[in-house]
Each structure stands twice: as C-alpha cells, then as structure tokens.
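Structure data (PDB, C-alpha atoms) from input20.pdb:
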```pdb
ATOM      1  CA  MET A   1       0.000   0.000   0.000
ATOM      2  CA  ARG A   2       2.845   2.333   0.930
ATOM      3  CA  ARG A   3       4.632   1.527  -2.300
ATOM      4  CA  PHE A   4       1.443   2.162  -4.237
ATOM      5  CA  THR A   5       1.154   5.591  -2.610
ATOM      6  CA  TYR A   6       4.752   6.405  -3.598
ATOM      7  CA  ILE A   7       4.085   5.341  -7.173
ATOM      8  CA  MET A   8       0.931   7.384  -7.268
ATOM      9  CA  GLY A   9       2.779  10.357  -5.814
ATOM     10  CA  LEU A  10       5.517  10.007  -8.403
ATOM     11  CA  ALA A  11       2.954   9.732 -11.179
ATOM     12  CA  MET A  12       1.240  12.876  -9.921
ATOM     13  CA  LEU A  13       4.552  14.709  -9.722
ATOM     14  CA  MET A  14       5.498  13.606 -13.226
ATOM     15  CA  MET A  15       2.150  14.696 -14.529
ATOM     16  CA  LEU A  16       2.523  18.067 -12.920
ATOM     17  CA  MET A  17       6.067  18.565 -14.109
ATOM     18  CA  SER A  18       5.500  17.224 -17.601
ATOM     19  CA  GLY A  19       2.354  19.284 -17.809
ATOM     20  CA  SER A  20       4.208  22.501 -17.105
ATOM     21  CA  THR A  21       7.093  21.482 -19.369
ATOM     22  CA  VAL A  22       4.782  20.634 -22.209
ATOM     23  CA  PHE A  23       2.897  23.811 -21.497
ATOM     24  CA  ALA A  24       6.139  25.768 -21.553
ATOM     25  CA  GLN A  25       7.196  24.179 -24.853
ATOM     26  CA  GLY A  26       3.742  24.460 -26.239
ATOM     27  CA  LYS A  27       3.594  28.029 -25.089
ATOM     28  CA  SER A  28       6.639  28.972 -27.088
ATOM     29  CA  GLN A  29       5.219  27.172 -30.102
ATOM     30  CA  ASP A  30       1.900  28.811 -29.467
ATOM     31  CA  LYS A  31       3.606  32.156 -29.136
ATOM     32  CA  LYS A  32       5.373  31.624 -32.441
ATOM     33  CA  ASN A  33       2.097  30.730 -34.080
ATOM     34  CA  GLN A  34       0.374  33.612 -32.341
ATOM     35  CA  ALA A  35       3.124  35.972 -33.429
ATOM     36  CA  LYS A  36       2.737  34.776 -37.010
ATOM     37  CA  ALA A  37      -1.001  35.142 -36.836
ATOM     38  CA  LYS A  38      -0.615  38.559 -35.208
ATOM     39  CA  LYS A  39       1.804  39.707 -37.901
ATOM     40  CA  GLU A  40      -0.601  38.607 -40.595
ATOM     41  CA  LYS A  41      -3.479  40.197 -38.747
ATOM     42  CA  VAL A  42      -1.549  43.428 -38.244
ATOM     43  CA  SER A  43      -0.513  43.501 -41.899
ATOM     44  CA  SER A  44      -4.094  42.982 -43.007
ATOM     45  CA  ASP A  45      -5.254  45.559 -40.454
ATOM     46  CA  ILE A  46      -2.738  48.080 -41.751
ATOM     47  CA  GLU A  47      -3.909  47.441 -45.306
ATOM     48  CA  ALA A  48      -7.533  47.800 -44.276
ATOM     49  CA  VAL A  49      -6.832  50.989 -42.357
ATOM     50  CA  GLU A  50      -4.855  52.366 -45.278
ATOM     51  CA  ASP A  51      -7.789  51.704 -47.591
ATOM     52  CA  GLU A  52     -10.138  53.510 -45.240
ATOM     53  CA  VAL A  53      -7.713  56.330 -44.777
ATOM     54  CA  GLU A  54      -7.400  56.843 -48.529
ATOM     55  CA  ASP A  55     -11.109  57.558 -48.716
ATOM     56  CA  ASP A  56     -11.050  60.316 -46.162
ATOM     57  CA  GLY A  57      -9.987  63.953 -46.117
ATOM     58  CA  ASN A  58      -6.706  65.802 -45.748
ATOM     59  CA  LYS A  59      -6.303  65.119 -42.076
ATOM     60  CA  VAL A  60      -6.385  61.400 -42.611
ATOM     61  CA  GLU A  61      -4.137  61.657 -45.644
ATOM     62  CA  LYS A  62      -1.531  63.327 -43.487
ATOM     63  CA  THR A  63      -1.813  60.535 -40.958
ATOM     64  CA  LYS A  64      -1.476  57.928 -43.661
ATOM     65  CA  GLU A  65       1.621  59.565 -45.101
ATOM     66  CA  LYS A  66       3.144  59.666 -41.684
ATOM     67  CA  ALA A  67       2.212  56.064 -41.057
ATOM     68  CA  ASP A  68       3.574  54.996 -44.462
ATOM     69  CA  GLY A  69       6.856  56.647 -43.652
ATOM     70  CA  LYS A  70       7.037  54.894 -40.374
ATOM     71  CA  VAL A  71       5.757  51.492 -41.405
ATOM     72  CA  LYS A  72       9.020  49.859 -42.314
ATOM     73  CA  GLY A  73       9.997  46.303 -41.464
ATOM     74  CA  LYS A  74       9.474  44.619 -38.189
ATOM     75  CA  SER A  75       9.625  47.730 -36.061
ATOM     76  CA  ALA A  76       6.699  49.154 -37.939
ATOM     77  CA  GLU A  77       4.722  45.994 -37.322
ATOM     78  CA  ILE A  78       5.412  46.272 -33.636
ATOM     79  CA  LYS A  79       4.474  49.910 -33.691
ATOM     80  CA  GLY A  80       1.289  49.057 -35.503
ATOM     81  CA  LYS A  81       0.562  46.556 -32.820
ATOM     82  CA  GLY A  82       1.179  49.164 -30.161
ATOM     83  CA  GLU A  83      -1.179  51.564 -31.823
ATOM     84  CA  LYS A  84      -3.693  48.801 -32.290
ATOM     85  CA  THR A  85      -3.446  47.939 -28.637
ATOM     86  CA  MET A  86      -4.004  51.533 -27.641
ATOM     87  CA  LYS A  87      -6.853  51.776 -30.089
ATOM     88  CA  GLU A  88      -8.482  48.740 -28.529
ATOM     89  CA  LYS A  89      -8.034  50.281 -25.114
ATOM     90  CA  LYS A  90      -9.488  53.542 -26.304
ATOM     91  CA  ASN A  91     -12.409  51.775 -27.959
ATOM     92  CA  LYS A  92     -13.195  50.111 -24.674
ATOM     93  CA  LEU A  93     -13.537  53.500 -23.056
ATOM     94  CA  GLU A  94     -15.486  55.252 -25.794
ATOM     95  CA  PRO A  95     -16.458  54.438 -29.363
ATOM     96  CA  VAL A  96     -14.231  56.380 -31.738
ATOM     97  CA  ASP A  97     -14.368  56.789 -35.507
ATOM     98  CA  GLU A  98     -11.708  55.088 -37.581
ATOM     99  CA  ASP A  99     -10.763  58.527 -38.912
ATOM    100  CA  ASP A 100      -9.562  59.657 -35.518
ATOM    101  CA  MET A 101      -6.936  56.965 -35.212
ATOM    102  CA  GLY A 102      -3.396  57.404 -36.373
ATOM    103  CA  GLU A 103      -1.610  60.500 -35.227
ATOM    104  CA  GLU A 104      -3.821  61.161 -32.243
ATOM    105  CA  ILE A 105      -3.565  57.617 -30.938
ATOM    106  CA  SER A 106       0.139  57.532 -31.571
ATOM    107  CA  LYS A 107       0.416  60.748 -29.582
ATOM    108  CA  GLU A 108      -1.694  59.259 -26.826
ATOM    109  CA  VAL A 109       0.458  56.127 -26.759
ATOM    110  CA  ARG A 110       3.512  58.294 -26.379
ATOM    111  CA  GLU A 111       1.962  60.427 -23.690
ATOM    112  CA  LYS A 112       0.793  57.416 -21.762
ATOM    113  CA  SER A 113       4.086  55.641 -22.122
ATOM    114  CA  ASN A 114       5.946  58.605 -20.714
ATOM    115  CA  LYS A 115       4.337  58.503 -17.343
ATOM    116  CA  GLY A 116       6.427  56.374 -15.008
ATOM    117  CA  ASN A 117       7.779  52.924 -15.665
ATOM    118  CA  ALA A 118       6.062  51.034 -18.417
ATOM    119  CA  TYR A 119       7.013  47.531 -17.517
ATOM    120  CA  GLY A 120       4.327  47.254 -14.914
ATOM    121  CA  LYS A 121       1.662  48.451 -17.282
ATOM    122  CA  ASN A 122      -0.776  46.651 -19.486
ATOM    123  CA  LYS A 123       1.002  45.934 -22.729
ATOM    124  CA  GLY A 124      -2.108  44.728 -24.524
ATOM    125  CA  ASP A 125      -1.468  41.847 -26.889
ATOM    126  CA  MET A 126       2.251  42.602 -27.127
ATOM    127  CA  SER A 127       4.856  40.404 -25.525
ATOM    128  CA  GLY A 128       7.512  41.950 -23.305
ATOM    129  CA  ARG A 129      10.087  41.826 -26.103
ATOM    130  CA  GLU A 130       7.732  43.385 -28.614
ATOM    131  CA  PHE A 131       6.830  46.101 -26.162
ATOM    132  CA  GLY A 132      10.531  46.752 -25.541
ATOM    133  CA  GLN A 133      11.164  47.105 -29.261
ATOM    134  CA  TYR A 134       8.166  49.380 -29.576
ATOM    135  CA  ARG A 135       9.422  51.645 -26.790
ATOM    136  CA  ALA A 136      12.896  51.736 -28.315
ATOM    137  CA  GLU A 137      11.360  52.811 -31.631
ATOM    138  CA  LEU A 138       9.430  55.588 -29.910
ATOM    139  CA  ALA A 139      12.563  56.791 -28.156
ATOM    140  CA  LYS A 140      14.455  56.862 -31.479
ATOM    141  CA  GLU A 141      11.650  58.919 -32.969
ATOM    142  CA  LYS A 142      11.832  61.331 -30.073
ATOM    143  CA  LEU A 143      15.560  61.679 -30.627
ATOM    144  CA  THR A 144      14.963  62.514 -34.284
ATOM    145  CA  ASP A 145      12.257  65.027 -33.361
ATOM    146  CA  ALA A 146      14.524  66.661 -30.791
ATOM    147  CA  GLU A 147      17.333  66.936 -33.363
ATOM    148  CA  ALA A 148      14.917  68.590 -35.792
ATOM    149  CA  LYS A 149      13.788  70.986 -33.075
ATOM    150  CA  LEU A 150      17.381  71.958 -32.322
ATOM    151  CA  SER A 151      18.109  72.614 -35.996
ATOM    152  CA  LYS A 152      14.960  74.730 -36.291
ATOM    153  CA  ASN A 153      15.953  76.780 -33.269
ATOM    154  CA  GLU A 154      19.472  77.223 -34.630
ATOM    155  CA  GLU A 155      17.880  78.877 -37.630
ATOM    156  CA  ALA A 156      15.801  81.042 -35.287
ATOM    157  CA  VAL A 157      19.002  82.162 -33.546
ATOM    158  CA  LYS A 158      20.576  83.099 -36.880
ATOM    159  CA  GLU A 159      17.510  85.122 -37.857
ATOM    160  CA  GLY A 160      17.441  86.716 -34.423
ATOM    161  CA  ARG A 161      21.074  87.827 -34.771
ATOM    162  CA  ILE A 162      20.219  89.511 -38.063
ATOM    163  CA  ARG A 163      17.262  91.299 -36.474
ATOM    164  CA  VAL A 164      19.415  92.470 -33.564
ATOM    165  CA  LYS A 165      22.044  93.721 -36.002
ATOM    166  CA  ASP A 166      19.408  95.672 -37.942
ATOM    167  CA  ALA A 167      17.964  97.139 -34.742
ATOM    168  CA  LYS A 168      21.432  98.228 -33.612
ATOM    169  CA  GLU A 169      21.995  99.910 -36.931
ATOM    170  CA  GLU A 170      18.643 101.694 -36.668
ATOM    171  CA  VAL A 171      19.404 102.998 -33.177
ATOM    172  CA  ARG A 172      22.856 104.144 -34.296
ATOM    173  CA  LYS A 173      21.277 106.141 -37.141
ATOM    174  CA  GLN A 174      18.692 107.670 -34.838
ATOM    175  CA  ARG A 175      21.436 108.689 -32.399
ATOM    176  CA  GLU A 176      23.497 110.277 -35.179
ATOM    177  CA  GLU A 177      20.499 112.152 -36.562
ATOM    178  CA  GLY A 178      19.443 113.237 -33.084
ATOM    179  CA  SER A 179      15.834 112.742 -34.056
ATOM    180  CA  VAL A 180      14.992 110.639 -31.012
ATOM    181  CA  ASP A 181      15.185 111.463 -27.336
ATOM    182  CA  ASP A 182      18.139 110.015 -25.364
ATOM    183  CA  GLU A 183      15.854 108.333 -22.871
ATOM    184  CA  ILE A 184      14.001 106.493 -25.635
ATOM    185  CA  LEU A 185      17.280 105.520 -27.261
ATOM    186  CA  LYS A 186      18.402 104.053 -23.940
ATOM    187  CA  GLN A 187      15.205 102.026 -23.722
ATOM    188  CA  LYS A 188      15.758 100.734 -27.249
ATOM    189  CA  GLU A 189      19.299  99.745 -26.425
ATOM    190  CA  GLU A 190      18.028  97.916 -23.369
ATOM    191  CA  LYS A 191      15.649  95.957 -25.568
ATOM    192  CA  ILE A 192      18.481  95.087 -27.932
ATOM    193  CA  LYS A 193      20.664  93.997 -25.027
ATOM    194  CA  LYS A 194      17.901  91.793 -23.669
ATOM    195  CA  ALA A 195      17.378  90.194 -27.081
ATOM    196  CA  GLU A 196      21.115  89.538 -27.350
ATOM    197  CA  GLU A 197      21.102  87.887 -23.941
ATOM    198  CA  LYS A 198      18.200  85.667 -24.947
ATOM    199  CA  LEU A 199      19.982  84.762 -28.162
ATOM    200  CA  ASP A 200      23.094  83.773 -26.230
ATOM    201  CA  GLU A 201      21.024  81.744 -23.776
ATOM    202  CA  LEU A 202      19.213  79.861 -26.519
ATOM    203  CA  GLU A 203      22.459  79.231 -28.363
ATOM    204  CA  GLU A 204      23.973  77.789 -25.213
ATOM    205  CA  VAL A 205      20.938  75.576 -24.592
ATOM    206  CA  ILE A 206      21.071  74.354 -28.205
ATOM    207  CA  GLN A 207      24.745  73.473 -27.895
ATOM    208  CA  ARG A 208      24.121  71.645 -24.639
ATOM    209  CA  GLY A 209      21.125  69.914 -26.173
ATOM    210  CA  LYS A 210      23.159  68.783 -29.161
ATOM    211  CA  GLU A 211      25.747  67.224 -26.908
ATOM    212  CA  ARG A 212      23.038  65.501 -24.870
ATOM    213  CA  ILE A 213      21.265  64.213 -27.962
ATOM    214  CA  LYS A 214      24.529  62.863 -29.319
ATOM    215  CA  LYS A 215      25.187  61.085 -26.044
ATOM    216  CA  GLN A 216      21.644  59.737 -25.937
ATOM    217  CA  SER A 217      21.898  58.462 -29.521
ATOM    218  CA  GLU A 218      24.988  56.531 -28.525
ATOM    219  CA  GLU A 219      23.192  55.167 -25.490
ATOM    220  CA  MET A 220      20.241  54.138 -27.633
ATOM    221  CA  LYS A 221      22.572  52.166 -29.886
ATOM    222  CA  LYS A 222      23.741  50.245 -26.838
ATOM    223  CA  VAL A 223      20.184  49.462 -25.756
ATOM    224  CA  THR A 224      19.196  46.144 -27.284
ATOM    225  CA  VAL A 225      16.224  43.926 -26.810
ATOM    226  CA  PRO A 226      17.438  40.651 -25.230
ATOM    227  CA  GLU A 227      17.385  37.583 -27.440
ATOM    228  CA  SER A 228      14.891  34.822 -26.752
ATOM    229  CA  GLY A 229      16.146  32.422 -24.090
ATOM    230  CA  SER A 230      14.875  29.237 -25.773
TER     231      SER A 230
ATOM    232  CA  MET B   1      12.741   5.139  -2.755
ATOM    233  CA  LYS B   2      16.131   6.702  -3.491
ATOM    234  CA  GLN B   3      15.439   6.577  -7.200
ATOM    235  CA  ILE B   4      12.099   8.259  -6.735
ATOM    236  CA  THR B   5      13.680  11.077  -4.744
ATOM    237  CA  LEU B   6      16.383  11.442  -7.380
ATOM    238  CA  LEU B   7      13.824  11.599 -10.171
ATOM    239  CA  ALA B   8      11.645  14.064  -8.295
ATOM    240  CA  GLY B   9      14.698  16.225  -7.576
ATOM    241  CA  LEU B  10      15.657  16.123 -11.228
ATOM    242  CA  PHE B  11      12.204  17.211 -12.359
ATOM    243  CA  LEU B  12      12.188  19.975  -9.813
ATOM    244  CA  LEU B  13      15.570  21.186 -11.038
ATOM    245  CA  VAL B  14      14.398  21.217 -14.654
ATOM    246  CA  GLY B  15      11.303  23.140 -13.621
ATOM    247  CA  ILE B  16      13.277  25.730 -11.681
ATOM    248  CA  ILE B  17      15.788  26.225 -14.506
ATOM    249  CA  SER B  18      13.066  26.751 -17.095
ATOM    250  CA  CYS B  19      11.345  29.268 -14.858
ATOM    251  CA  ARG B  20      14.587  31.132 -14.151
ATOM    252  CA  ASP B  21      15.278  31.618 -17.873
ATOM    253  CA  THR B  22      11.964  33.361 -18.373
ATOM    254  CA  LYS B  23      12.481  35.489 -15.305
ATOM    255  CA  LYS B  24      15.953  36.504 -16.448
ATOM    256  CA  GLU B  25      14.668  37.435 -19.875
ATOM    257  CA  GLN B  26      11.873  39.498 -18.351
ATOM    258  CA  GLN B  27      14.379  41.253 -16.094
ATOM    259  CA  GLU B  28      16.534  42.100 -19.103
ATOM    260  CA  ILE B  29      13.526  43.497 -20.959
ATOM    261  CA  ASP B  30      12.469  45.539 -17.929
ATOM    262  CA  GLN B  31      15.988  46.886 -17.605
ATOM    263  CA  MET B  32      16.017  47.801 -21.277
ATOM    264  CA  ILE B  33      12.680  49.596 -21.013
ATOM    265  CA  GLU B  34      13.961  51.452 -17.978
ATOM    266  CA  GLN B  35      17.004  52.592 -19.969
ATOM    267  CA  VAL B  36      14.782  53.713 -22.832
ATOM    268  CA  GLU B  37      12.561  55.648 -20.447
ATOM    269  CA  THR B  38      15.548  57.372 -18.871
ATOM    270  CA  ILE B  39      16.745  58.435 -22.311
ATOM    271  CA  GLU B  40      13.249  59.614 -23.251
ATOM    272  CA  LYS B  41      13.042  61.656 -20.080
ATOM    273  CA  GLN B  42      16.345  63.358 -20.851
ATOM    274  CA  ILE B  43      15.211  64.087 -24.410
ATOM    275  CA  GLU B  44      12.022  65.638 -23.108
ATOM    276  CA  GLU B  45      13.937  67.770 -20.630
ATOM    277  CA  THR B  46      16.186  69.036 -23.410
ATOM    278  CA  ALA B  47      13.211  69.762 -25.667
ATOM    279  CA  THR B  48      11.348  71.593 -22.908
ATOM    280  CA  GLU B  49      14.386  73.715 -22.082
ATOM    281  CA  VAL B  50      14.875  74.638 -25.736
ATOM    282  CA  ASP B  51      11.162  75.459 -26.147
ATOM    283  CA  GLN B  52      11.201  77.711 -23.116
ATOM    284  CA  LYS B  53      14.279  79.627 -24.221
ATOM    285  CA  ALA B  54      12.948  79.925 -27.769
ATOM    286  CA  GLU B  55       9.726  81.420 -26.437
ATOM    287  CA  GLU B  56      11.652  83.935 -24.340
ATOM    288  CA  LEU B  57      13.718  84.873 -27.375
ATOM    289  CA  GLN B  58      10.639  85.394 -29.526
ATOM    290  CA  GLU B  59       9.243  87.790 -26.928
ATOM    291  CA  ALA B  60      12.523  89.707 -26.783
ATOM    292  CA  LEU B  61      12.673  89.896 -30.579
ATOM    293  CA  LYS B  62       9.088  91.083 -30.758
ATOM    294  CA  ALA B  63      10.086  94.048 -28.628
ATOM    295  CA  LEU B  64      12.623  95.010 -31.310
ATOM    296  CA  ASP B  65       9.849  95.525 -33.870
ATOM    297  CA  SER B  66       8.972  98.872 -32.348
ATOM    298  CA  ILE B  67      12.499 100.223 -32.785
TER     299      ILE B  67
END
```

Please lay out the structure from this file as structure tokens.
Amino acid sequence: MRRFTYIMGLAMLMMLMSGSTVFAQGKSQDKKNQAKAKKEKVSSDIEAVEDEVEDDGNKVEKTKEKADGKVKGKSAEIKGKGEKTMKEKKNKLEPVDEDDMGEEISKEVREKSNKGNAYGKNKGDMSGREFGQYRAELAKEKLTDAEAKLSKNEEAVKEGRIRVKDAKEEVRKQREEGSVDDEILKQKEEKIKKAEEKLDELEEVIQRGKERIKKQSEEMKKVTVPESGS
Amino acid sequence: MKQITLLAGLFLLVGIISCRDTKKEQQEIDQMIEQVETIEKQIEETATEVDQKAEELQEALKALDSI
C-alpha cells in the first residue's frame, strides 16, 4: 500500500512537471504561431486601415503619409501593434471613428508611455520583447524630433542675430540724426541687449542639447532587446 | 525510494531552470525599457528647455519691432 502511494505520488509529480514542461514548450510554439497570426493580422489591419484612410480627407491623408513613412519592417509591425493595442483600449472606453486613429492615438500612446515605468503596465497583446522594441522605436523617434527641433531653433538664432544687427543699426542712425530722445534711445538699447542675452542663452541651450542628444543616440545604440532564451 | 527522490529532484531542477530563464529574460527586458525611459526623459527635458528659451527669445525679438 505504501509503495502504491509512492508510485501514485511520483505519477502525480510527473504529470505536474510534464504538464508545465509541455505547457512551456507548447507556449513557445503557441507564441510563435500567435506571433505569425498577429503579424498577418496586423498587416491585413494596416492594409484595411490604409484603404479607409485613402477615402477620407486631408487630415487622414496626413496621418497615412506619416504612417507609411514609419511602417518599415518589423519595427513598424510592432508599432502598428502598439497603436492597435491603444486603439483597442481607447475603444473600450469610448467608441471612436476610424478617422480619428493614427496620429492622435500615436500621440496618446507616447503620452501614456511617458508617465512612469512602463514595464508594470498593461502591454495589450504585445509580448515583453515586442513592447521593448516598440518603446525603443518611440525613443528613437523622439531623438529625431529633438534633433529637428534643435536645428529649427538654430535657424531662429541666426535670424534673431540679423534682427538684432538691424535694430542696432537703426538705433545708431537715430542717435546720429538726433531725431529721437536720449531716454528712448536708452530704452531701445536695453531691448536690444535683452534680445542679445536671450539669443546667447538659446544658443547655449542648443549646444548643450546637441551634446546631450549625441550622447543619448549613442546610449540608444547600446540598448538592445534581449534575445529569446529558448 | 532513493530513485524516486532522485527523479523528483531532477524534475524539480528542470522546472526551476526553465522558470529562471523566463524570469531573467523578463528582467533584461524591464531593464532595457527602464534605460529607454531614462533616455526619453532626458530628451524631453532638453526639448522643454529649448522650447522655453525659444519662447523667451521670440518675446525679446518682438520688442525690437517697435524700434
């Protein structure tokens, strides 16, 4: 009887262990199949959304162009998934037209993903790795946007310098002609000085920002999504 | 009895190892996401700083229009 109990216990243990092992193996197979199915589904979804988007107005056309630019390779699929996930979440809260998706949702995803750590959050139908890749893509986009912003502001500084130069010239002429009161000229010079200070400040911030962005780009290159363990 | 214990121990070991792999992978992913978020935060700080200074500059330049 005691031996029988041991055998039964062993059988139970084996069943439990083999069950989890098979489940684990099956899970990875399932995940592969699910990933395939998801990819196909996402591709078909993207196509369907693109078709719908084509039919709508300028706003949607802009979104589509943006999406087309972004939808490249695997990262785009993951991104699409992320947006789809957020769309599903949003749909649960309130019914939204298909037209409203795209840029707005992408923005919302970004906003939401910027608040605190994301790894404890609901990642929808994305796996941890996919979510990691998606976040890395978003960060790269932010880096590109920040670089563009810095370049734009560099141009603003150049234009500002020209305006300050012109204003200085104008004040110099007015002083020579003696057509304007000294007190007013002083006020004008103060304004010019203030503008120059602001130009210097912005230039400094841009330089610092460029260095930071460069450093962050290098850091981003080092950040890699870990390979699958099995 | 010894064999049973050995077998049970072996199964347990296999189970623990397979669980640890997943946990390690998840930790790596979490770490990676944390890194990405840190970088994003720094980018945002830079962008905000630039925006603020640019706004201040625009105001200062606007004042030059009256000259």

Expand the ChimeraX specification (/B :<6) & /A into the explicit residue set it covers here, and present it as an MDAnalysis selection string. chainID A and resid 119 132 139 195 198 202 209

Those residues with C-alpha atoms, as a CSV table (one decimal), keeping the file's coordinate frame please?
```
chain,number,residue,atom,x,y,z
A,119,TYR,CA,7.0,47.5,-17.5
A,132,GLY,CA,10.5,46.8,-25.5
A,139,ALA,CA,12.6,56.8,-28.2
A,195,ALA,CA,17.4,90.2,-27.1
A,198,LYS,CA,18.2,85.7,-24.9
A,202,LEU,CA,19.2,79.9,-26.5
A,209,GLY,CA,21.1,69.9,-26.2
```

Quick one: pull the distance between atom CA of Met14 of chain A and atom CA of Leu10 of chain B, Å, one decimal.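 Atom CA of Leu10 of chain B lies at a distance of 10.7 Å from atom CA of Met14 of chain A.
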
Distance query Glu147 of chain A at most 10 Å, all atoms listed in the file, self and fewer than 3 positions along chain excluded, as a PDB file with C-alpha atoms, keeping the file's coordinate frame:
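Listing of out_31.pdb after writing:
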```pdb
ATOM      1  CA  GLU A 141      11.650  58.919 -32.969  1.00  0.00           C
ATOM      2  CA  LYS A 142      11.832  61.331 -30.073  1.00  0.00           C
ATOM      3  CA  LEU A 143      15.560  61.679 -30.627  1.00  0.00           C
ATOM      4  CA  THR A 144      14.963  62.514 -34.284  1.00  0.00           C
ATOM      5  CA  LEU A 150      17.381  71.958 -32.322  1.00  0.00           C
ATOM      6  CA  SER A 151      18.109  72.614 -35.996  1.00  0.00           C
ATOM      7  CA  LYS A 152      14.960  74.730 -36.291  1.00  0.00           C
ATOM      8  CA  ASN A 153      15.953  76.780 -33.269  1.00  0.00           C
ATOM      9  CA  ILE A 206      21.071  74.354 -28.205  1.00  0.00           C
ATOM     10  CA  GLY A 209      21.125  69.914 -26.173  1.00  0.00           C
ATOM     11  CA  LYS A 210      23.159  68.783 -29.161  1.00  0.00           C
ATOM     12  CA  ILE A 213      21.265  64.213 -27.962  1.00  0.00           C
ATOM     13  CA  LYS A 214      24.529  62.863 -29.319  1.00  0.00           C
TER      14      LYS A 214
ATOM     15  CA  ILE B  43      15.211  64.087 -24.410  1.00  0.00           C
ATOM     16  CA  ALA B  47      13.211  69.762 -25.667  1.00  0.00           C
TER      17      ALA B  47
END
```

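Here atom CA of Glu155 of chain A is placed at a distance of 20.1 Å from atom CA of Lys168 of chain A.
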
As an exercise, work out the distance from atom CA of Glu197 of chain A to atom CA of Gln216 of chain A in Å and give it to one decimal place.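 These two atoms are separated by 28.2 Å.
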
Could I get segment 122-138 of chain A rebuilt with N, CA and C atoms, written as a PDB file, in the coordinates of the input?
```pdb
ATOM      1  N   ASN A 122      -0.140  47.578 -18.560  1.00  0.00           N
ATOM      2  CA  ASN A 122      -0.776  46.651 -19.486  1.00  0.00           C
ATOM      3  C   ASN A 122      -0.205  46.864 -20.877  1.00  0.00           C
ATOM      4  N   LYS A 123       0.361  45.809 -21.426  1.00  0.00           N
ATOM      5  CA  LYS A 123       1.002  45.934 -22.729  1.00  0.00           C
ATOM      6  C   LYS A 123       0.098  45.417 -23.837  1.00  0.00           C
ATOM      7  N   GLY A 124      -1.154  45.197 -23.518  1.00  0.00           N
ATOM      8  CA  GLY A 124      -2.108  44.728 -24.524  1.00  0.00           C
ATOM      9  C   GLY A 124      -1.748  43.352 -25.019  1.00  0.00           C
ATOM     10  N   ASP A 125      -1.784  43.165 -26.356  1.00  0.00           N
ATOM     11  CA  ASP A 125      -1.468  41.847 -26.889  1.00  0.00           C
ATOM     12  C   ASP A 125      -0.001  41.728 -27.282  1.00  0.00           C
ATOM     13  N   MET A 126       0.826  42.663 -26.812  1.00  0.00           N
ATOM     14  CA  MET A 126       2.251  42.602 -27.127  1.00  0.00           C
ATOM     15  C   MET A 126       2.996  41.825 -26.057  1.00  0.00           C
ATOM     16  N   SER A 127       4.018  41.092 -26.510  1.00  0.00           N
ATOM     17  CA  SER A 127       4.856  40.404 -25.525  1.00  0.00           C
ATOM     18  C   SER A 127       5.845  41.422 -24.974  1.00  0.00           C
ATOM     19  N   GLY A 128       6.554  41.031 -23.920  1.00  0.00           N
ATOM     20  CA  GLY A 128       7.512  41.950 -23.305  1.00  0.00           C
ATOM     21  C   GLY A 128       8.560  42.419 -24.301  1.00  0.00           C
ATOM     22  N   ARG A 129       9.047  41.489 -25.125  1.00  0.00           N
ATOM     23  CA  ARG A 129      10.087  41.826 -26.103  1.00  0.00           C
ATOM     24  C   ARG A 129       9.555  42.809 -27.144  1.00  0.00           C
ATOM     25  N   GLU A 130       8.352  42.510 -27.604  1.00  0.00           N
ATOM     26  CA  GLU A 130       7.732  43.385 -28.614  1.00  0.00           C
ATOM     27  C   GLU A 130       7.520  44.786 -28.050  1.00  0.00           C
ATOM     28  N   PHE A 131       7.070  44.814 -26.806  1.00  0.00           N
ATOM     29  CA  PHE A 131       6.830  46.101 -26.162  1.00  0.00           C
ATOM     30  C   PHE A 131       8.145  46.874 -26.017  1.00  0.00           C
ATOM     31  N   GLY A 132       9.202  46.145 -25.669  1.00  0.00           N
ATOM     32  CA  GLY A 132      10.531  46.752 -25.541  1.00  0.00           C
ATOM     33  C   GLY A 132      10.983  47.364 -26.859  1.00  0.00           C
ATOM     34  N   GLN A 133      10.788  46.613 -27.935  1.00  0.00           N
ATOM     35  CA  GLN A 133      11.164  47.105 -29.261  1.00  0.00           C
ATOM     36  C   GLN A 133      10.349  48.330 -29.629  1.00  0.00           C
ATOM     37  N   TYR A 134       9.074  48.271 -29.283  1.00  0.00           N
ATOM     38  CA  TYR A 134       8.166  49.380 -29.576  1.00  0.00           C
ATOM     39  C   TYR A 134       8.614  50.645 -28.851  1.00  0.00           C
ATOM     40  N   ARG A 135       8.976  50.493 -27.573  1.00  0.00           N
ATOM     41  CA  ARG A 135       9.422  51.645 -26.790  1.00  0.00           C
ATOM     42  C   ARG A 135      10.733  52.206 -27.332  1.00  0.00           C
ATOM     43  N   ALA A 136      11.617  51.289 -27.750  1.00  0.00           N
ATOM     44  CA  ALA A 136      12.896  51.736 -28.315  1.00  0.00           C
ATOM     45  C   ALA A 136      12.655  52.538 -29.592  1.00  0.00           C
ATOM     46  N   GLU A 137      11.701  52.088 -30.401  1.00  0.00           N
ATOM     47  CA  GLU A 137      11.360  52.811 -31.631  1.00  0.00           C
ATOM     48  C   GLU A 137      10.837  54.210 -31.309  1.00  0.00           C
ATOM     49  N   LEU A 138       9.984  54.283 -30.311  1.00  0.00           N
ATOM     50  CA  LEU A 138       9.430  55.588 -29.910  1.00  0.00           C
ATOM     51  C   LEU A 138      10.546  56.528 -29.442  1.00  0.00           C
TER      52      LEU A 138
END
```
